[in-house]
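S.K.: My questions all concern the structure below.
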Amino acid sequence: MNPLALSLILTTLLAGTLITMMSSHWLTAWMGLEMNMLTMIPILMKTTNPRSTEAATKYFMTQAMASMMLMMALTINLMYSGQWSITKMTNPVASNMALMALMTKLGSAPFHFWVPEVTQGVELTPGMILLTWQKLAPLSLLYQMATYTNTNLIYLSGLLSILIGGWGGLNQTQLRKILAYSSISHMGWMLIILPFNPTLTLLNLTIYIMLTLSIFMILTNTFTTSMSSLTLMWNKTPAMTIMLMTTLLSLGGLPPLSGFMPKWLMIHELTKNNSIIMPLTMAIMALLNMYFYMRLIYYSSLTILPSTNNMKMTWRFTNTKHTMTLPTLITLSNMLLPLTPMISMLE
Amino acid sequence: MMYIVFIMSVFYVVGFIGFSSKPSPVYGGMSLVVSGGLGCGIVMSSGGSFLGLVVFLVYLGGMMVVFGYTTAMATEEYPETWGSNVVVLSAFLVGLLMEIFMVMWLFSGEHELVGFYFSGLEGLMVLGEGGFEYVREDYSGGASLYSYGFWFLAMAGWMLFVSIFIAIEVTRKRY
């Protein structure tokens, strides 16, 4: 894309999310979400094959429908309460409809069907923006309006997201679809803790974004998009293979790594509120996620598949992709667990 | 003639059924013109004469002409996507039936008639309190977009500017 057009579009993408996050009036929040959606489309269509066009069309259709439902919800709210504030949507029809619209924008079950298809249809970099930056705006709205919504709907959607994110990713060999199902599952965890302690939602979002950015950047650097190319990664960059292993274990929530922090604190918060079956189910279903991450680790770093001898000694070319933020992100995504007492600064 | 707003809103919805029956620009164009005109009538009946004319000018005369008619010139007139004409006609009839059922439900039972009495809507639809004052309220609403709401205006103008870039990027030739 022309660099001027690309910088204009990226600036508007940033502006859309910031406008939504900074607004207290529903109309400006909706406006920021629309800006996000519209400017995401040419980013998704950067490559010229029909698959990207189809993915961008699917993204536009689902997000436009969600924006329509959100607009209907906020006009119903205006009709019954006469004001436009985000935090006080007292009419249940309005707040539940807005909740469903925002869940569609996030990609939570039962509105998750667009996430694997759109993520698979585009390149790694637009997929990365889709799964990380696009979660900020709807979650900031959900954070503000969750007190008046029907919590049963939130728990149902969250639990269903964790189930679908776990079971859906089991049969996948394409890495972008695996990361899409991982995103669905993490959205489920974020939704469930929202009525109990919204700060933990933000913590989970932060750590999830760090982890997903790390994994996407490792994959971009080594040009791997499927499990079969993962098996060749040990040859090119053994250091990144090991880092992929630890970051994937962190994404699954294994204890000495950062990904354990949000899951631990969320289960702690749920049990403090006398809810036992739900965190038990959530923790068990997170094992499904862990299984397919383990499969990726097995194929990338724990085994070397049979190959010819000249594949074991590849020529090391200079890396043309920039790895500027990658060491910081990998360190943060693996070693943050001892800093757990610092979450009090998020309050 | 008392229920003219209600009749207009029913036909507004029927126009929507019209363009959702078939993904053809011909259907879309005609139904949008009809629905746009009726929507303008609904806005005008709540006292917004200026805003109704803005609907005609900007919506039908600007957006519709630019995007709708150029799409109609560029794409196929009657795409064979959703099956035969029988499917399209039955989709339209199902939509029409749903609208008739909704109108019948509205008049049955003891509940409040939502969507029938449009008398109190001047405050909701058009800025102002609904009374005849010395200054028409919808003009002041349009003017306040430029004074109190200049940030909305700036963002709306910026998004229109960016959407042209987006449209050009999307319709670039792909090999």
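Chain labels follow the order of the structure tokens: the first chain is A, the next B, and so on; residue numbering restarts at 1 in every chain, and ligands are counted from 1 in their shown order.
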Hey, list the chain A side of the contact with chain B: 10 Å cut-off, only C-alpha atoms, answer as number ranges by chain.
M.R.: A: 1-2, 5-6, 8-9, 12, 15-16, 19, 27-28, 31-32, 34-35, 38-50, 53, 56, 78-79, 82
S.K.: What's around Leu270 of chain A at 10 Å? Count only C-alpha atoms, leave out sequence neighbours fewer than 2 positions away in its own chain, and write the answer as a list of chain:residue names.
M.R.: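 Using only C-alpha atoms, the neighbours found are A:Ile192, A:Ile193, A:Phe196, A:Asn197, A:Trp264, A:Leu265, A:Met266, A:Ile267, A:His268, A:Lys272, A:Asn273, A:Asn274, A:Ser275, A:Ile276, A:Ile277, A:Met278, A:Pro279, A:Leu280.
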S.K.: Please provide as a compact mmCIF listing (two decimals) with C-alpha atoms, in the first residue's frame all residues within 10 Å of Glu99 of chain B, with the sequence filter that same-chain residues fewer than 5 positions apart are discarded (counting only C-alpha atoms).
M.R.:
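around-v6.txt written:
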# COMPACT_ATOMS: atom_id res chain seq x y z
CA VAL B 10 -44.96 0.81 8.14
CA PHE B 11 -44.11 1.48 4.51
CA VAL B 13 -40.11 -1.05 6.94
CA VAL B 14 -41.69 -2.52 3.80
CA ILE B 17 -37.90 -5.67 3.08
CA LEU B 93 -43.79 -12.14 1.02
CA VAL B 94 -42.41 -13.57 4.27
CA MET B 104 -51.82 -6.81 14.04
CA TRP B 105 -50.03 -7.60 17.31
S.K.: Write out as a compact mmCIF listing (two decimals) with N, CA and C atoms, in the first residue's frame the set of residues from chain B that DSSP, computed on the backbone, places in alpha helix (DSSP H).
M.R.:
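Contents of states-v9.txt, as written:
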# COMPACT_ATOMS: atom_id res chain seq x y z
N ILE B 4 -50.94 9.25 9.74
CA ILE B 4 -50.06 9.29 8.57
C ILE B 4 -48.65 8.88 8.94
N VAL B 5 -48.19 9.24 10.14
CA VAL B 5 -46.81 8.90 10.53
C VAL B 5 -46.69 7.40 10.71
N PHE B 6 -47.73 6.79 11.29
CA PHE B 6 -47.70 5.35 11.47
C PHE B 6 -47.66 4.64 10.13
N ILE B 7 -48.49 5.10 9.20
CA ILE B 7 -48.51 4.47 7.88
C ILE B 7 -47.17 4.63 7.19
N MET B 8 -46.59 5.84 7.34
CA MET B 8 -45.28 6.07 6.73
C MET B 8 -44.23 5.14 7.32
N SER B 9 -44.29 4.91 8.63
CA SER B 9 -43.26 4.06 9.22
C SER B 9 -43.46 2.61 8.82
N VAL B 10 -44.73 2.18 8.61
CA VAL B 10 -44.96 0.81 8.14
C VAL B 10 -44.39 0.63 6.74
N PHE B 11 -44.64 1.61 5.88
CA PHE B 11 -44.11 1.48 4.51
C PHE B 11 -42.59 1.64 4.47
N TYR B 12 -42.04 2.36 5.45
CA TYR B 12 -40.58 2.47 5.60
C TYR B 12 -39.98 1.08 5.79
N VAL B 13 -40.61 0.30 6.69
CA VAL B 13 -40.11 -1.05 6.94
C VAL B 13 -40.31 -1.93 5.72
N VAL B 14 -41.45 -1.73 5.01
CA VAL B 14 -41.69 -2.52 3.80
C VAL B 14 -40.62 -2.22 2.75
N GLY B 15 -40.18 -0.97 2.69
CA GLY B 15 -39.07 -0.63 1.78
C GLY B 15 -37.80 -1.37 2.14
N PHE B 16 -37.55 -1.53 3.46
CA PHE B 16 -36.36 -2.29 3.87
C PHE B 16 -36.47 -3.74 3.43
N ILE B 17 -37.71 -4.30 3.55
CA ILE B 17 -37.90 -5.67 3.08
C ILE B 17 -37.60 -5.74 1.59
N GLY B 18 -37.97 -4.67 0.88
CA GLY B 18 -37.73 -4.64 -0.56
C GLY B 18 -36.26 -4.77 -0.91
N PHE B 19 -35.41 -4.01 -0.24
CA PHE B 19 -34.02 -4.14 -0.68
C PHE B 19 -33.30 -5.31 -0.06
N SER B 20 -33.89 -5.92 1.01
CA SER B 20 -33.22 -7.10 1.51
C SER B 20 -33.63 -8.36 0.79
N PRO B 25 -28.54 -4.13 -7.27
CA PRO B 25 -28.52 -2.67 -7.07
C PRO B 25 -29.81 -2.00 -7.50
N VAL B 26 -30.55 -2.64 -8.42
CA VAL B 26 -31.83 -2.06 -8.86
C VAL B 26 -32.83 -2.05 -7.71
N TYR B 27 -32.95 -3.23 -7.05
CA TYR B 27 -33.84 -3.32 -5.89
C TYR B 27 -33.40 -2.34 -4.81
N GLY B 28 -32.07 -2.34 -4.56
CA GLY B 28 -31.55 -1.49 -3.50
C GLY B 28 -31.82 -0.03 -3.77
N GLY B 29 -31.56 0.38 -5.02
CA GLY B 29 -31.74 1.79 -5.36
C GLY B 29 -33.16 2.25 -5.18
N MET B 30 -34.10 1.48 -5.76
CA MET B 30 -35.50 1.92 -5.69
C MET B 30 -36.00 1.91 -4.26
N SER B 31 -35.68 0.84 -3.53
CA SER B 31 -36.20 0.76 -2.15
C SER B 31 -35.61 1.83 -1.26
N LEU B 32 -34.31 2.15 -1.50
CA LEU B 32 -33.71 3.18 -0.67
C LEU B 32 -34.33 4.54 -0.95
N VAL B 33 -34.68 4.78 -2.23
CA VAL B 33 -35.33 6.06 -2.54
C VAL B 33 -36.67 6.14 -1.83
N VAL B 34 -37.46 5.04 -1.92
CA VAL B 34 -38.78 5.04 -1.26
C VAL B 34 -38.63 5.18 0.26
N SER B 35 -37.73 4.36 0.85
CA SER B 35 -37.56 4.43 2.31
C SER B 35 -37.01 5.76 2.75
N GLY B 36 -36.09 6.31 1.94
CA GLY B 36 -35.52 7.62 2.27
C GLY B 36 -36.57 8.70 2.25
N GLY B 37 -37.44 8.66 1.26
CA GLY B 37 -38.51 9.66 1.21
C GLY B 37 -39.45 9.54 2.38
N LEU B 38 -39.82 8.30 2.74
CA LEU B 38 -40.73 8.12 3.86
C LEU B 38 -40.07 8.48 5.18
N GLY B 39 -38.77 8.17 5.30
CA GLY B 39 -38.06 8.57 6.51
C GLY B 39 -38.02 10.07 6.65
N CYS B 40 -37.81 10.73 5.53
CA CYS B 40 -37.84 12.19 5.53
C CYS B 40 -39.20 12.68 5.99
N GLY B 41 -40.26 12.00 5.57
CA GLY B 41 -41.60 12.39 6.00
C GLY B 41 -41.78 12.23 7.50
N ILE B 42 -41.23 11.13 8.06
CA ILE B 42 -41.34 10.91 9.51
C ILE B 42 -40.60 11.99 10.27
N VAL B 43 -39.40 12.34 9.78
CA VAL B 43 -38.63 13.39 10.48
C VAL B 43 -39.34 14.72 10.40
N MET B 44 -39.95 14.99 9.22
CA MET B 44 -40.62 16.29 9.06
C MET B 44 -41.85 16.39 9.92
N SER B 45 -42.53 15.25 10.13
CA SER B 45 -43.76 15.32 10.92
C SER B 45 -43.45 15.59 12.38
N SER B 49 -38.19 20.23 9.68
CA SER B 49 -38.28 20.47 8.24
C SER B 49 -36.89 20.55 7.62
N PHE B 50 -35.97 21.21 8.31
CA PHE B 50 -34.61 21.34 7.81
C PHE B 50 -33.94 19.99 7.71
N LEU B 51 -34.08 19.16 8.76
CA LEU B 51 -33.39 17.88 8.75
C LEU B 51 -33.99 16.95 7.70
N GLY B 52 -35.30 17.05 7.45
CA GLY B 52 -35.89 16.23 6.41
C GLY B 52 -35.32 16.56 5.05
N LEU B 53 -35.16 17.85 4.79
CA LEU B 53 -34.58 18.24 3.50
C LEU B 53 -33.11 17.84 3.43
N VAL B 54 -32.43 17.83 4.58
CA VAL B 54 -31.04 17.36 4.60
C VAL B 54 -31.00 15.89 4.21
N THR B 70 -23.28 4.46 -8.65
CA THR B 70 -22.05 3.99 -9.29
C THR B 70 -21.89 2.49 -9.11
N THR B 71 -22.33 1.96 -7.94
CA THR B 71 -22.33 0.51 -7.79
C THR B 71 -23.26 -0.14 -8.80
N ALA B 72 -24.43 0.50 -9.01
CA ALA B 72 -25.39 -0.06 -9.96
C ALA B 72 -24.82 -0.05 -11.38
N MET B 73 -24.02 0.97 -11.70
CA MET B 73 -23.42 0.98 -13.03
C MET B 73 -22.29 -0.02 -13.15
N ALA B 74 -21.57 -0.25 -12.04
CA ALA B 74 -20.38 -1.09 -12.13
C ALA B 74 -20.69 -2.57 -12.03
N ASN B 85 -36.36 -16.55 -9.03
CA ASN B 85 -37.30 -15.47 -8.70
C ASN B 85 -38.32 -15.89 -7.67
N VAL B 86 -38.61 -17.21 -7.63
CA VAL B 86 -39.59 -17.70 -6.65
C VAL B 86 -39.06 -17.47 -5.24
N VAL B 87 -37.74 -17.71 -5.07
CA VAL B 87 -37.14 -17.52 -3.74
C VAL B 87 -37.22 -16.05 -3.33
N VAL B 88 -36.91 -15.18 -4.28
CA VAL B 88 -36.92 -13.74 -3.97
C VAL B 88 -38.32 -13.29 -3.61
N LEU B 89 -39.30 -13.75 -4.42
CA LEU B 89 -40.68 -13.33 -4.16
C LEU B 89 -41.15 -13.86 -2.81
N SER B 90 -40.77 -15.11 -2.49
CA SER B 90 -41.22 -15.66 -1.21
C SER B 90 -40.53 -14.98 -0.04
N ALA B 91 -39.27 -14.56 -0.24
CA ALA B 91 -38.60 -13.80 0.82
C ALA B 91 -39.33 -12.49 1.06
N PHE B 92 -39.69 -11.83 -0.02
CA PHE B 92 -40.42 -10.56 0.13
C PHE B 92 -41.76 -10.79 0.81
N LEU B 93 -42.46 -11.89 0.44
CA LEU B 93 -43.79 -12.14 1.02
C LEU B 93 -43.67 -12.49 2.49
N VAL B 94 -42.61 -13.24 2.86
CA VAL B 94 -42.41 -13.57 4.27
C VAL B 94 -42.17 -12.31 5.07
N GLY B 95 -41.34 -11.41 4.53
CA GLY B 95 -41.09 -10.15 5.23
C GLY B 95 -42.35 -9.33 5.38
N LEU B 96 -43.15 -9.29 4.31
CA LEU B 96 -44.40 -8.52 4.35
C LEU B 96 -45.35 -9.12 5.37
N LEU B 97 -45.38 -10.45 5.43
CA LEU B 97 -46.25 -11.15 6.38
C LEU B 97 -45.83 -10.84 7.81
N MET B 98 -44.51 -10.80 8.04
CA MET B 98 -44.00 -10.48 9.38
C MET B 98 -44.43 -9.08 9.78
N GLU B 99 -44.37 -8.15 8.83
CA GLU B 99 -44.75 -6.77 9.15
C GLU B 99 -46.24 -6.69 9.47
N ILE B 100 -47.05 -7.44 8.69
CA ILE B 100 -48.51 -7.42 8.94
C ILE B 100 -48.81 -8.03 10.30
N PHE B 101 -48.10 -9.12 10.64
CA PHE B 101 -48.30 -9.72 11.95
C PHE B 101 -47.93 -8.76 13.05
N MET B 102 -46.86 -7.99 12.83
CA MET B 102 -46.44 -7.07 13.87
C MET B 102 -47.46 -5.96 14.06
N VAL B 103 -48.02 -5.48 12.94
CA VAL B 103 -49.04 -4.43 13.04
C VAL B 103 -50.29 -4.97 13.73
N MET B 104 -50.65 -6.22 13.40
CA MET B 104 -51.82 -6.81 14.04
C MET B 104 -51.58 -7.01 15.53
N TRP B 105 -50.34 -7.42 15.90
CA TRP B 105 -50.03 -7.60 17.31
C TRP B 105 -50.08 -6.29 18.06
N LEU B 106 -49.68 -5.21 17.34
CA LEU B 106 -49.65 -3.90 17.98
C LEU B 106 -51.05 -3.47 18.42
N PHE B 107 -52.06 -3.87 17.60
CA PHE B 107 -53.41 -3.43 17.92
C PHE B 107 -54.20 -4.43 18.73
N GLU B 122 -41.22 15.17 19.26
CA GLU B 122 -40.48 16.32 18.77
C GLU B 122 -39.20 16.50 19.54
N GLY B 123 -39.26 16.21 20.86
CA GLY B 123 -38.06 16.40 21.66
C GLY B 123 -37.02 15.33 21.37
N LEU B 124 -37.53 14.13 21.02
CA LEU B 124 -36.60 13.02 20.85
C LEU B 124 -35.90 13.10 19.51
N MET B 125 -36.69 13.36 18.47
CA MET B 125 -36.12 13.23 17.14
C MET B 125 -35.38 14.47 16.72
N GLU B 137 -36.26 24.65 16.17
CA GLU B 137 -35.26 23.90 16.90
C GLU B 137 -34.33 23.12 16.00
N ASP B 138 -34.84 22.62 14.89
CA ASP B 138 -33.94 21.78 14.13
C ASP B 138 -32.86 22.59 13.45
N TYR B 139 -33.14 23.84 13.17
CA TYR B 139 -32.06 24.67 12.65
C TYR B 139 -30.99 24.84 13.70
N SER B 140 -31.46 25.03 14.97
CA SER B 140 -30.46 25.23 16.03
C SER B 140 -29.70 23.94 16.25
N GLY B 141 -30.34 22.77 16.01
CA GLY B 141 -29.60 21.52 16.11
C GLY B 141 -28.52 21.42 15.06
N GLY B 142 -28.90 21.80 13.82
CA GLY B 142 -27.91 21.78 12.75
C GLY B 142 -26.78 22.76 13.01
N ALA B 143 -27.14 23.92 13.60
CA ALA B 143 -26.10 24.92 13.87
C ALA B 143 -25.21 24.49 15.02
N SER B 144 -25.79 23.80 15.99
CA SER B 144 -24.96 23.43 17.14
C SER B 144 -23.95 22.38 16.77
N LEU B 145 -24.14 21.69 15.63
CA LEU B 145 -23.09 20.79 15.15
C LEU B 145 -21.81 21.55 14.87
N TYR B 146 -21.96 22.81 14.48
CA TYR B 146 -20.80 23.62 14.16
C TYR B 146 -20.27 24.39 15.35
N SER B 147 -21.06 24.48 16.45
CA SER B 147 -20.57 25.26 17.59
C SER B 147 -20.22 24.36 18.77
N PHE B 150 -18.40 20.72 17.47
CA PHE B 150 -17.41 20.82 16.39
C PHE B 150 -16.51 19.61 16.37
N TRP B 151 -16.32 18.96 17.54
CA TRP B 151 -15.48 17.76 17.57
C TRP B 151 -16.13 16.63 16.79
N PHE B 152 -17.48 16.49 16.94
CA PHE B 152 -18.21 15.51 16.14
C PHE B 152 -18.04 15.81 14.66
N LEU B 153 -18.15 17.10 14.33
CA LEU B 153 -18.04 17.49 12.93
C LEU B 153 -16.66 17.17 12.39
N ALA B 154 -15.62 17.46 13.23
CA ALA B 154 -14.26 17.18 12.79
C ALA B 154 -14.06 15.69 12.55
N MET B 155 -14.57 14.87 13.48
CA MET B 155 -14.40 13.43 13.32
C MET B 155 -15.20 12.92 12.14
N ALA B 156 -16.41 13.43 11.94
CA ALA B 156 -17.22 12.98 10.81
C ALA B 156 -16.53 13.34 9.49
N GLY B 157 -16.02 14.56 9.41
CA GLY B 157 -15.32 14.97 8.20
C GLY B 157 -14.06 14.16 7.97
N TRP B 158 -13.32 13.89 9.07
CA TRP B 158 -12.10 13.08 8.96
C TRP B 158 -12.43 11.68 8.47
N MET B 159 -13.51 11.09 8.98
CA MET B 159 -13.87 9.74 8.58
C MET B 159 -14.32 9.70 7.14
N LEU B 160 -15.01 10.74 6.67
CA LEU B 160 -15.39 10.76 5.26
C LEU B 160 -14.15 10.84 4.38
N PHE B 161 -13.17 11.63 4.81
CA PHE B 161 -11.92 11.76 4.08
C PHE B 161 -11.19 10.41 4.03
N VAL B 162 -11.10 9.74 5.19
CA VAL B 162 -10.38 8.47 5.24
C VAL B 162 -11.13 7.40 4.48
N SER B 163 -12.47 7.47 4.45
CA SER B 163 -13.22 6.42 3.78
C SER B 163 -13.02 6.46 2.27
N ILE B 164 -12.67 7.62 1.73
CA ILE B 164 -12.34 7.65 0.30
C ILE B 164 -11.05 6.88 0.06
N PHE B 165 -10.06 7.08 0.95
CA PHE B 165 -8.82 6.32 0.82
C PHE B 165 -9.08 4.84 0.95
N ILE B 166 -9.97 4.48 1.90
CA ILE B 166 -10.29 3.07 2.10
C ILE B 166 -10.95 2.49 0.87
N ALA B 167 -11.91 3.27 0.28
CA ALA B 167 -12.62 2.77 -0.90
C ALA B 167 -11.65 2.57 -2.05
N ILE B 168 -10.68 3.48 -2.19
CA ILE B 168 -9.72 3.33 -3.27
C ILE B 168 -8.82 2.13 -3.04
N GLU B 169 -8.40 1.92 -1.78
CA GLU B 169 -7.54 0.78 -1.49
C GLU B 169 -8.28 -0.53 -1.73
N VAL B 170 -9.56 -0.56 -1.36
CA VAL B 170 -10.32 -1.80 -1.48
C VAL B 170 -10.59 -2.12 -2.94
S.K.: If I take atom CA of Met65 of chain A and atom CA of Leu213 of chain A, how far is one from the other in Å, to one decimal?
M.R.: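 For atom CA of Met65 of chain A relative to atom CA of Leu213 of chain A, the distance reads 27.8 Å.
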S.K.: As a PyMOL selection string, please: the residues near segment 128-141 of chain A (cut-off 8 Å, only C-alpha atoms, same-chain neighbours under 5 positions excluded).
M.R.: chain A and resi 17-18+20-21+29+33+36+86+102-103+105-106+119+180+183+209+212-213+216
S.K.: What does the distance from atom CA of Asn310 of chain A to atom CA of Met233 of chain A come to in Å, to one decimal?
M.R.: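 Distance between the two atoms: 14.8 Å.
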S.K.: Can you tell me which residues surround segment 145-154 of chain A at a distance of at most 7 Å, considering only C-alpha atoms, apart from same-chain residues fewer than 5 positions away, and format the answer as number ranges by chain?
M.R.: A: 86-90, 92, 95-96, 191-192, 195
S.K.: Just the residues within 9 Å of Ser161 of chain A, please, counting only C-alpha atoms, with nothing from its chain fewer than 6 positions along; format it as a count of residues only.
M.R.: 12
S.K.: If we count only C-alpha atoms and set the cut-off at 9 Å, which residues sit around Trp167 of chain A, ignoring sequence neighbours fewer than 3 positions away in its own chain? Please answer as number ranges by chain.
M.R.: A: 162-164, 170-171, 181, 285, 288-289
S.K.: Do you have the atom CA of Ile207 of chain A-atom CA of Ser333 of chain A distance handy?
M.R.: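 If I compute the distance from atom CA of Ile207 of chain A to atom CA of Ser333 of chain A, I get 7.0 Å.
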